[in-house]
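Student: My structure file protein_33.cif, mmCIF, C-alpha atoms, is below:
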data_target
#
loop_
_atom_site.group_PDB
_atom_site.id
_atom_site.type_symbol
_atom_site.label_atom_id
_atom_site.label_comp_id
_atom_site.auth_asym_id
_atom_site.auth_seq_id
_atom_site.Cartn_x
_atom_site.Cartn_y
_atom_site.Cartn_z
ATOM 1 C CA MET R 1 -6.604 16.218 29.454
ATOM 2 C CA GLU R 2 -9.926 14.453 28.972
ATOM 3 C CA THR R 3 -9.524 14.663 25.209
ATOM 4 C CA ALA R 4 -6.058 13.128 25.396
ATOM 5 C CA ARG R 5 -7.357 10.337 27.602
ATOM 6 C CA ARG R 6 -10.128 9.565 25.170
ATOM 7 C CA ILE R 7 -7.751 9.605 22.196
ATOM 8 C CA LEU R 8 -5.516 7.153 24.036
ATOM 9 C CA THR R 9 -8.569 4.993 24.698
ATOM 10 C CA LEU R 10 -9.398 4.959 21.002
ATOM 11 C CA LEU R 11 -5.804 4.031 20.168
ATOM 12 C CA ALA R 12 -5.814 1.281 22.789
ATOM 13 C CA VAL R 13 -9.025 -0.170 21.365
ATOM 14 C CA ALA R 14 -7.516 -0.074 17.873
ATOM 15 C CA VAL R 15 -4.314 -1.774 19.008
ATOM 16 C CA LEU R 16 -6.299 -4.486 20.780
ATOM 17 C CA LEU R 17 -8.533 -5.093 17.781
ATOM 18 C CA GLY R 18 -5.629 -4.968 15.336
ATOM 19 C CA ALA R 19 -3.408 -7.344 17.255
ATOM 20 C CA SER R 20 -6.259 -9.785 17.848
ATOM 21 C CA ALA R 21 -7.419 -9.736 14.245
ATOM 22 C CA ASN R 22 -3.871 -10.173 12.977
ATOM 23 C CA ALA R 23 -3.370 -13.159 15.265
ATOM 24 C CA VAL R 24 -6.403 -15.036 13.957
ATOM 25 C CA SER R 25 -6.454 -13.909 10.349
ATOM 26 C CA PRO R 26 -5.045 -16.208 7.645
ATOM 27 C CA ARG R 27 -3.709 -12.998 6.069
ATOM 28 C CA GLY R 28 -2.047 -11.940 9.307
ATOM 29 C CA LEU R 29 1.418 -10.437 9.000
ATOM 30 C CA SER R 30 4.555 -11.205 10.912
ATOM 31 C CA TRP R 31 5.336 -8.299 13.229
ATOM 32 C CA SER R 32 9.074 -8.597 12.629
ATOM 33 C CA ARG R 33 9.119 -9.694 8.995
ATOM 34 C CA PRO R 34 5.945 -8.411 7.339
ATOM 35 C CA LEU R 35 7.538 -8.575 3.898
ATOM 36 C CA GLY R 36 9.126 -11.928 4.369
ATOM 37 C CA ARG R 37 12.864 -12.240 4.049
ATOM 38 C CA GLY R 38 13.139 -10.462 0.731
ATOM 39 C CA ILE R 39 13.377 -12.540 -2.382
ATOM 40 C CA ALA R 40 17.077 -11.980 -3.124
ATOM 41 C CA ASP R 41 18.115 -14.323 -0.306
ATOM 42 C CA GLN R 42 15.428 -16.812 -1.260
ATOM 43 C CA VAL R 43 16.488 -16.720 -4.910
ATOM 44 C CA VAL R 44 20.011 -17.715 -3.938
ATOM 45 C CA LYS R 45 18.744 -20.345 -1.555
ATOM 46 C CA ALA R 46 16.626 -21.836 -4.337
ATOM 47 C CA GLY R 47 19.723 -22.277 -6.476
ATOM 48 C CA LEU R 48 18.701 -19.504 -8.865
ATOM 49 C CA VAL R 49 20.788 -16.510 -9.890
ATOM 50 C CA PRO R 50 19.691 -13.009 -8.798
ATOM 51 C CA VAL R 51 20.480 -10.357 -11.411
ATOM 52 C CA ASP R 52 20.338 -6.590 -11.138
ATOM 53 C CA LEU R 53 19.016 -3.870 -13.422
ATOM 54 C CA LYS R 54 22.327 -3.264 -15.208
ATOM 55 C CA THR R 55 22.676 -6.942 -16.051
ATOM 56 C CA VAL R 56 19.133 -7.103 -17.386
ATOM 57 C CA GLN R 57 19.742 -3.980 -19.480
ATOM 58 C CA ASP R 58 22.759 -5.689 -21.053
ATOM 59 C CA LEU R 59 20.852 -8.918 -21.627
ATOM 60 C CA VAL R 60 17.984 -7.064 -23.300
ATOM 61 C CA ARG R 61 20.386 -5.078 -25.484
ATOM 62 C CA ASN R 62 22.234 -8.204 -26.559
ATOM 63 C CA LYS R 63 19.079 -10.308 -26.751
ATOM 64 C CA SER R 64 21.038 -13.022 -24.980
ATOM 65 C CA ALA R 65 18.324 -14.312 -22.655
ATOM 66 C CA ARG R 66 14.607 -15.029 -22.775
ATOM 67 C CA LEU R 67 12.639 -12.739 -20.453
ATOM 68 C CA ILE R 68 9.725 -14.375 -18.671
ATOM 69 C CA ASP R 69 7.109 -12.136 -17.040
ATOM 70 C CA ALA R 70 5.724 -13.866 -13.932
ATOM 71 C CA ARG R 71 2.981 -11.291 -13.309
ATOM 72 C CA THR R 72 -0.674 -11.554 -14.276
ATOM 73 C CA PRO R 73 -1.719 -11.461 -17.944
ATOM 74 C CA GLU R 74 -3.443 -8.140 -17.275
ATOM 75 C CA GLU R 75 -0.226 -6.570 -15.964
ATOM 76 C CA PHE R 76 1.668 -8.136 -18.873
ATOM 77 C CA THR R 77 -0.708 -6.503 -21.335
ATOM 78 C CA VAL R 78 -0.310 -3.043 -19.810
ATOM 79 C CA GLY R 79 3.476 -3.119 -20.004
ATOM 80 C CA ARG R 80 6.377 -5.568 -19.994
ATOM 81 C CA LEU R 81 10.102 -5.665 -20.586
ATOM 82 C CA PRO R 82 11.040 -5.760 -24.285
ATOM 83 C CA GLY R 83 10.599 -9.223 -25.744
ATOM 84 C CA ALA R 84 9.204 -10.702 -22.535
ATOM 85 C CA ILE R 85 6.742 -13.569 -22.716
ATOM 86 C CA LEU R 86 4.329 -15.145 -20.287
ATOM 87 C CA PRO R 87 5.174 -18.515 -18.703
ATOM 88 C CA SER R 88 2.499 -20.137 -20.859
ATOM 89 C CA ALA R 89 4.662 -19.403 -23.917
ATOM 90 C CA LEU R 90 7.839 -20.870 -22.491
ATOM 91 C CA PRO R 91 10.396 -22.231 -24.955
ATOM 92 C CA LEU R 92 10.867 -25.970 -24.889
ATOM 93 C CA GLU R 93 14.680 -25.838 -24.986
ATOM 94 C CA LYS R 94 15.777 -26.424 -21.427
ATOM 95 C CA ASP R 95 19.228 -24.906 -22.044
ATOM 96 C CA GLN R 96 18.022 -21.470 -23.090
ATOM 97 C CA PRO R 97 19.020 -18.746 -20.591
ATOM 98 C CA LEU R 98 15.896 -17.432 -18.871
ATOM 99 C CA VAL R 99 15.438 -14.263 -16.821
ATOM 100 C CA LEU R 100 12.296 -14.176 -14.714
ATOM 101 C CA TYR R 101 10.794 -11.065 -13.194
ATOM 102 C CA CYS R 102 7.647 -9.845 -11.478
ATOM 103 C CA GLY R 103 6.598 -6.447 -10.106
ATOM 104 C CA ASN R 104 9.221 -5.412 -7.612
ATOM 105 C CA GLU R 105 11.683 -6.526 -4.964
ATOM 106 C CA PHE R 106 8.880 -7.632 -2.650
ATOM 107 C CA CYS R 107 6.876 -9.914 -4.912
ATOM 108 C CA GLU R 108 7.502 -13.638 -5.037
ATOM 109 C CA GLN R 109 5.953 -14.761 -8.294
ATOM 110 C CA SER R 110 9.279 -14.827 -10.111
ATOM 111 C CA LEU R 111 10.870 -16.880 -7.350
ATOM 112 C CA ARG R 112 8.006 -19.391 -7.336
ATOM 113 C CA LEU R 113 8.140 -19.667 -11.118
ATOM 114 C CA GLY R 114 11.886 -20.181 -10.984
ATOM 115 C CA GLU R 115 11.508 -23.027 -8.530
ATOM 116 C CA GLN R 116 8.904 -24.697 -10.744
ATOM 117 C CA LEU R 117 11.032 -24.314 -13.872
ATOM 118 C CA LYS R 118 14.048 -25.748 -12.098
ATOM 119 C CA MET R 119 11.974 -28.790 -11.201
ATOM 120 C CA LEU R 120 10.937 -29.084 -14.836
ATOM 121 C CA GLY R 121 14.566 -29.285 -15.862
ATOM 122 C CA TYR R 122 15.364 -25.763 -17.032
ATOM 123 C CA ARG R 123 19.012 -25.225 -16.246
ATOM 124 C CA ASP R 124 19.878 -21.565 -16.754
ATOM 125 C CA ILE R 125 17.460 -19.503 -14.658
ATOM 126 C CA ALA R 126 18.083 -16.013 -13.335
ATOM 127 C CA VAL R 127 15.686 -13.773 -11.423
ATOM 128 C CA PHE R 128 15.588 -10.008 -11.943
ATOM 129 C CA VAL R 129 14.878 -9.281 -8.275
ATOM 130 C CA ASP R 130 13.946 -5.589 -8.528
ATOM 131 C CA GLY R 131 11.417 -6.346 -11.239
ATOM 132 C CA TYR R 132 9.340 -4.403 -13.680
ATOM 133 C CA GLU R 133 9.084 -1.329 -11.471
ATOM 134 C CA ALA R 134 12.849 -0.878 -11.362
ATOM 135 C CA TRP R 135 12.979 -1.155 -15.158
ATOM 136 C CA TRP R 136 10.133 1.333 -15.524
ATOM 137 C CA ASN R 137 11.575 3.786 -12.986
ATOM 138 C CA ALA R 138 14.893 3.677 -14.852
ATOM 139 C CA GLY R 139 13.077 4.779 -17.996
ATOM 140 C CA GLY R 140 13.528 1.509 -19.884
ATOM 141 C CA PRO R 141 11.421 0.910 -23.006
ATOM 142 C CA VAL R 142 8.447 -1.407 -22.567
ATOM 143 C CA ASP R 143 6.322 -3.481 -24.877
ATOM 144 C CA GLN R 144 2.554 -3.104 -24.738
ATOM 145 C CA ASP R 145 -0.418 -4.674 -26.421
ATOM 146 C CA MET B 1 -25.156 17.810 16.007
ATOM 147 C CA THR B 2 -26.176 20.082 13.154
ATOM 148 C CA ARG B 3 -26.848 18.876 9.661
ATOM 149 C CA THR B 4 -23.555 20.369 8.438
ATOM 150 C CA GLU B 5 -21.566 18.702 11.199
ATOM 151 C CA ARG B 6 -23.258 15.375 10.523
ATOM 152 C CA ALA B 7 -22.498 15.617 6.805
ATOM 153 C CA LEU B 8 -18.850 16.436 7.431
ATOM 154 C CA ARG B 9 -18.528 13.590 9.909
ATOM 155 C CA ILE B 10 -20.090 11.203 7.411
ATOM 156 C CA VAL B 11 -17.572 12.237 4.745
ATOM 157 C CA LEU B 12 -14.648 11.761 7.104
ATOM 158 C CA ALA B 13 -16.037 8.471 8.406
ATOM 159 C CA ILE B 14 -16.551 7.047 4.930
ATOM 160 C CA ALA B 15 -13.032 7.990 3.863
ATOM 161 C CA PHE B 16 -11.410 6.487 6.934
ATOM 162 C CA LEU B 17 -13.642 3.427 7.072
ATOM 163 C CA ALA B 18 -13.014 2.594 3.421
ATOM 164 C CA ALA B 19 -9.288 3.141 3.778
ATOM 165 C CA GLY B 20 -9.073 1.030 6.926
ATOM 166 C CA VAL B 21 -11.223 -1.846 5.728
ATOM 167 C CA LEU B 22 -9.427 -2.155 2.386
ATOM 168 C CA LYS B 23 -6.071 -2.260 4.132
ATOM 169 C CA ILE B 24 -7.323 -4.835 6.654
ATOM 170 C CA ALA B 25 -8.453 -6.992 3.735
ATOM 171 C CA ASP B 26 -4.958 -7.002 2.204
ATOM 172 C CA PRO B 27 -2.321 -6.153 4.832
ATOM 173 C CA ALA B 28 0.549 -7.556 2.784
ATOM 174 C CA THR B 29 -0.006 -5.073 -0.038
ATOM 175 C CA PHE B 30 -0.230 -2.231 2.475
ATOM 176 C CA ALA B 31 3.021 -3.374 4.103
ATOM 177 C CA VAL B 32 4.722 -3.289 0.699
ATOM 178 C CA SER B 33 3.361 0.221 0.051
ATOM 179 C CA ILE B 34 4.715 1.442 3.373
ATOM 180 C CA ALA B 35 8.092 -0.158 2.752
ATOM 181 C CA ARG B 36 8.355 1.336 -0.713
ATOM 182 C CA LEU B 37 7.837 4.841 0.620
ATOM 183 C CA ARG B 38 11.095 4.304 2.549
ATOM 184 C CA MET B 39 9.977 6.775 5.189
ATOM 185 C CA ILE B 40 9.942 4.600 8.305
ATOM 186 C CA PRO B 41 12.401 2.011 9.576
ATOM 187 C CA MET B 42 11.800 -1.445 8.118
ATOM 188 C CA GLU B 43 11.441 -2.753 11.682
ATOM 189 C CA ALA B 44 8.336 -0.600 12.124
ATOM 190 C CA VAL B 45 6.624 -1.635 8.895
ATOM 191 C CA GLY B 46 4.935 -4.642 10.482
ATOM 192 C CA ALA B 47 3.400 -2.729 13.387
ATOM 193 C CA VAL B 48 2.224 0.102 11.146
ATOM 194 C CA ALA B 49 0.723 -2.255 8.563
ATOM 195 C CA ILE B 50 -1.092 -4.239 11.244
ATOM 196 C CA LEU B 51 -2.339 -1.432 13.484
ATOM 197 C CA LEU B 52 -2.831 1.687 11.367
ATOM 198 C CA PRO B 53 -5.869 0.340 9.458
ATOM 199 C CA TRP B 54 -7.595 -0.447 12.738
ATOM 200 C CA ILE B 55 -6.848 3.028 14.058
ATOM 201 C CA GLU B 56 -8.553 4.374 10.930
ATOM 202 C CA VAL B 57 -11.616 2.168 11.456
ATOM 203 C CA VAL B 58 -11.927 2.952 15.169
ATOM 204 C CA ALA B 59 -11.531 6.685 14.511
ATOM 205 C CA ALA B 60 -14.229 6.525 11.821
ATOM 206 C CA VAL B 61 -16.697 4.812 14.147
ATOM 207 C CA ALA B 62 -15.844 7.093 17.076
ATOM 208 C CA LEU B 63 -16.851 10.142 15.021
ATOM 209 C CA PHE B 64 -20.422 9.219 15.949
ATOM 210 C CA VAL B 65 -19.942 7.942 19.511
ATOM 211 C CA PRO B 66 -21.086 10.399 22.194
ATOM 212 C CA LYS B 67 -18.186 11.833 24.258
ATOM 213 C CA TYR B 68 -15.695 10.516 21.683
ATOM 214 C CA ARG B 69 -16.796 12.645 18.736
ATOM 215 C CA GLY B 70 -14.455 15.542 19.540
ATOM 216 C CA PRO B 71 -11.393 13.373 20.315
ATOM 217 C CA ALA B 72 -12.090 11.317 17.177
ATOM 218 C CA VAL B 73 -11.986 14.433 14.992
ATOM 219 C CA LYS B 74 -8.674 15.428 16.555
ATOM 220 C CA LEU B 75 -7.320 11.924 15.994
ATOM 221 C CA VAL B 76 -8.473 12.014 12.364
ATOM 222 C CA LEU B 77 -6.830 15.410 11.926
ATOM 223 C CA ALA B 78 -3.568 14.166 13.402
ATOM 224 C CA LEU B 79 -3.571 11.085 11.172
ATOM 225 C CA LEU B 80 -4.272 13.151 8.084
ATOM 226 C CA GLY B 81 -1.460 15.519 8.994
ATOM 227 C CA VAL B 82 1.029 12.691 9.380
ATOM 228 C CA PHE B 83 -0.103 10.929 6.175
ATOM 229 C CA THR B 84 0.130 14.144 4.167
ATOM 230 C CA LEU B 85 3.562 14.984 5.529
ATOM 231 C CA ILE B 86 4.914 11.513 4.758
ATOM 232 C CA LEU B 87 3.455 11.421 1.268
ATOM 233 C CA GLY B 88 4.659 14.936 0.538
ATOM 234 C CA ILE B 89 8.223 14.080 1.524
ATOM 235 C CA ALA B 90 8.070 10.819 -0.440
ATOM 236 C CA LEU B 91 6.863 12.723 -3.498
ATOM 237 C CA LEU B 92 9.732 15.184 -3.194
ATOM 238 C CA ARG B 93 12.197 12.320 -2.831
ATOM 239 C CA GLY B 94 10.693 10.405 -5.736
ATOM 240 C CA THR B 95 9.942 7.325 -3.644
ATOM 241 C CA ALA B 96 6.171 7.727 -3.798
ATOM 242 C CA GLY B 97 4.479 5.189 -6.000
ATOM 243 C CA SER B 98 1.214 3.697 -4.894
ATOM 244 C CA CYS B 99 0.410 4.935 -1.389
ATOM 245 C CA GLY B 100 -1.746 1.884 -0.619
ATOM 246 C CA CYS B 101 -4.276 4.326 0.830
ATOM 247 C CA PHE B 102 -7.198 2.311 -0.455
ATOM 248 C CA GLY B 103 -5.816 -1.185 -0.689
ATOM 249 C CA LYS B 104 -4.362 -2.861 -3.749
ATOM 250 C CA GLY B 105 -3.830 -1.280 -7.123
ATOM 251 C CA ASP B 106 -2.146 1.672 -8.726
ATOM 252 C CA GLY B 107 -5.351 3.471 -9.650
ATOM 253 C CA VAL B 108 -6.001 7.141 -9.131
ATOM 254 C CA LEU B 109 -7.220 6.642 -5.555
ATOM 255 C CA ASN B 110 -3.818 5.247 -4.596
ATOM 256 C CA ARG B 111 -1.670 7.839 -6.340
ATOM 257 C CA ALA B 112 0.426 9.697 -3.818
ATOM 258 C CA ASP B 113 -0.113 13.123 -5.417
ATOM 259 C CA VAL B 114 -3.885 12.613 -5.512
ATOM 260 C CA ALA B 115 -3.766 11.435 -1.898
ATOM 261 C CA VAL B 116 -2.036 14.649 -0.805
ATOM 262 C CA VAL B 117 -4.761 16.763 -2.395
ATOM 263 C CA ARG B 118 -7.496 14.540 -0.994
ATOM 264 C CA ASN B 119 -5.966 14.718 2.461
ATOM 265 C CA ALA B 120 -5.806 18.507 2.260
ATOM 266 C CA VAL B 121 -9.542 18.603 1.645
ATOM 267 C CA LEU B 122 -10.227 16.192 4.510
ATOM 268 C CA ILE B 123 -7.963 18.239 6.786
ATOM 269 C CA ALA B 124 -10.051 21.289 5.951
ATOM 270 C CA LEU B 125 -13.238 19.416 6.820
ATOM 271 C CA ALA B 126 -11.812 18.156 10.111
ATOM 272 C CA GLY B 127 -10.448 21.588 10.920
ATOM 273 C CA PHE B 128 -13.892 23.081 10.343
ATOM 274 C CA LEU B 129 -15.423 20.556 12.758
ATOM 275 C CA ILE B 130 -12.844 21.337 15.432
ATOM 276 C CA ARG B 131 -13.245 25.110 15.161
ATOM 277 C CA ARG B 132 -17.026 24.962 15.085
ATOM 278 C CA LYS B 133 -18.417 25.522 18.574
ATOM 279 C CA PRO B 134 -20.363 22.482 19.812
ATOM 280 C CA THR B 135 -24.101 23.064 19.675
ATOM 281 C CA SER B 136 -26.274 22.356 22.710
ATOM 282 C CA PRO B 137 -29.960 22.808 23.470
ATOM 283 C CA ALA B 138 -29.091 26.053 25.343
ATOM 284 C CA ALA B 139 -26.967 27.553 22.564
ATOM 285 C CA PRO B 140 -28.634 29.799 20.011
ATOM 286 C CA ALA B 141 -28.843 28.412 16.478
ATOM 287 C CA SER B 142 -26.426 30.003 13.950
ATOM 288 C CA THR B 143 -28.785 29.889 10.993
ATOM 289 C CA ALA B 144 -31.991 28.066 10.242
ATOM 290 C CA SER B 145 -30.322 25.846 7.644
ATOM 291 C CA ASP B 146 -27.487 24.869 9.954
ATOM 292 C CA THR B 147 -29.871 23.581 12.585
ATOM 293 C CA GLY B 148 -31.429 21.319 10.040
ATOM 294 C CA ARG B 149 -34.900 22.795 10.342
#
Give the structure from this file in structure tokens form.
Tutor:
Amino acid sequence: METARRILTLLAVAVLLGASANAVSPRGLSWSRPLGRGIADQVVKAGLVPVDLKTVQDLVRNKSARLIDARTPEEFTVGRLPGAILPSALPLEKDQPLVLYCGNEFCEQSLRLGEQLKMLGYRDIAVFVDGYEAWWNAGGPVDQD
Amino acid sequence: MTRTERALRIVLAIAFLAAGVLKIADPATFAVSIARLRMIPMEAVGAVAILLPWIEVVAAVALFVPKYRGPAVKLVLALLGVFTLILGIALLRGTAGSCGCFGKGDGVLNRADVAVVRNAVLIALAGFLIRRKPTSPAAPASTASDTGR
């Protein structure tokens, strides 16, 4: 009984510390939406087109869109979708179909990049919401340095 | 506390302190790791991501606080059991990627299969501490080396 009481005390202290720290921390999470709203909704709201794995597989096979990797250069080096380039190597033609992606369904880099490109005048922008991890988990081929 | 007990507590404390602090430093990444395991309802991800790291830190510190040492070991053992069960099921389902056990990154420390093995070792250490009878000034020493002399 005493042990249980002391364990509960430890848990209570942890909850108090955790809740307090989360409230004051700039990295604090939302209790109800710790992952944000999910980028699929935000992609649509931003006027971009969310695309799924099957669509991206077709686009890669047909080479009918330019893939833009919105992750870090280090992640890009380790592995990327076939033919993907970094944003720094973007084509100048604003009409070229672009497909942006980042790591997974919870990352926002591709969405942010899409918003910036839209402001720069690029007209045909899609976002592969499930990202590199979905491609990798499906066994898709990857380019590497 | 004998030398052996102290060493085991230090190992457990370091593991839990490191895990907790790294998660506190980057709660968003930990929340993503939890969500990707797909083992708990999405509604609970926030509370787990916010509170679990602090439970780890408090348990680590309590391993050395008089009167809380025994309960802290039991708490550590319970946490390890739950973590191992969740990771094991996620591995079987194929939803285990990075466990987020030690913050950001997909390195070996965060691999779910490595985490299961690591947790098994820590469970053994905690189990040893629980089964070992508490030493007191009146109790006879087990061996000379165990008493630290």
Student: Find the residues of chain B in contact range of chain R, meaning any atom within 9 Å when counting only C-alpha atoms, and list them as a VMD selection string.
Tutor: chain B and resid 24 to 28 31 to 32 35 42 to 47 49 to 59 62 67 to 68 70 to 72 74 to 75
Student: Have a look at B:Leu125, B:Leu22, B:Met39, B:Ala15 and name the one nearest to Val82 in chain B; count all atoms listed in the file.
Tutor: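 Of the candidates, the smallest distance to Val82 in chain B is held by B:Met39.
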Student: As a check of understanding, name the residues that the PyMOL selection byres ((chain R and resi 113) around 10) selects in the supplied structure, as a ChimeraX atom specification.
Tutor: /R:68-70,87,100-102,108-112,114-119,125,127
Student: Run the PyMOL selection byres ((chain B and resi 118) around 12) mentally over the shown coordinates, then write out the matched residues as an MDAnalysis selection string, using the chain letters and numbers from the document.
Tutor: chainID B and resid 11:12 15:16 80:81 83:84 87 101 108:117 119:125
Student: Hey, can you check how far CA of Asp52 in chain R sits from CA of Asp130 in chain R?
Tutor: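 CA of Asp130 in chain R lies at a distance of 7.0 Å from CA of Asp52 in chain R.
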Student: Can you spell out as JSON, numbers by chain the set of residues that the PyMOL selection byres ((chain R and resi 75) around 12) selects in the structure I just provided?
Tutor: {"R": [69, 70, 71, 72, 73, 74, 76, 77, 78, 79, 80, 81, 85, 86, 102, 103, 132, 133, 143, 144, 145], "B": [105, 106]}
Student: Expressed in Å to a single decimal, how great is the separation between CA of Gly47 in chain R and CA of Arg36 in chain B?
Tutor: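 Computing it gives 26.8 Å between the two atoms.
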Student: From the set B:Leu85, B:Ala78, B:Leu37, B:Ala18, which residue has the shortest atom-to-atom contact distance to Val61 in chain B, counting only C-alpha atoms?
Tutor: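 Of the candidates, the smallest distance to Val61 in chain B is held by B:Ala18.
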Student: As an exercise, work out the distance from CA of Leu59 in chain R to CA of Val142 in chain R in Å and give it to one decimal place.
Tutor: 14.5 Å
Student: Please put the answer as JSON: centre and edge lengths, in Å with one decimal, of a box along x, y and z that encloses all listed atoms of range 28-42 of chain R plus 8 Å on each side.
Tutor:
{"center_x": 8.0, "center_y": -12.6, "center_z": 5.1, "size_x": 36.2, "size_y": 24.5, "size_z": 32.4}
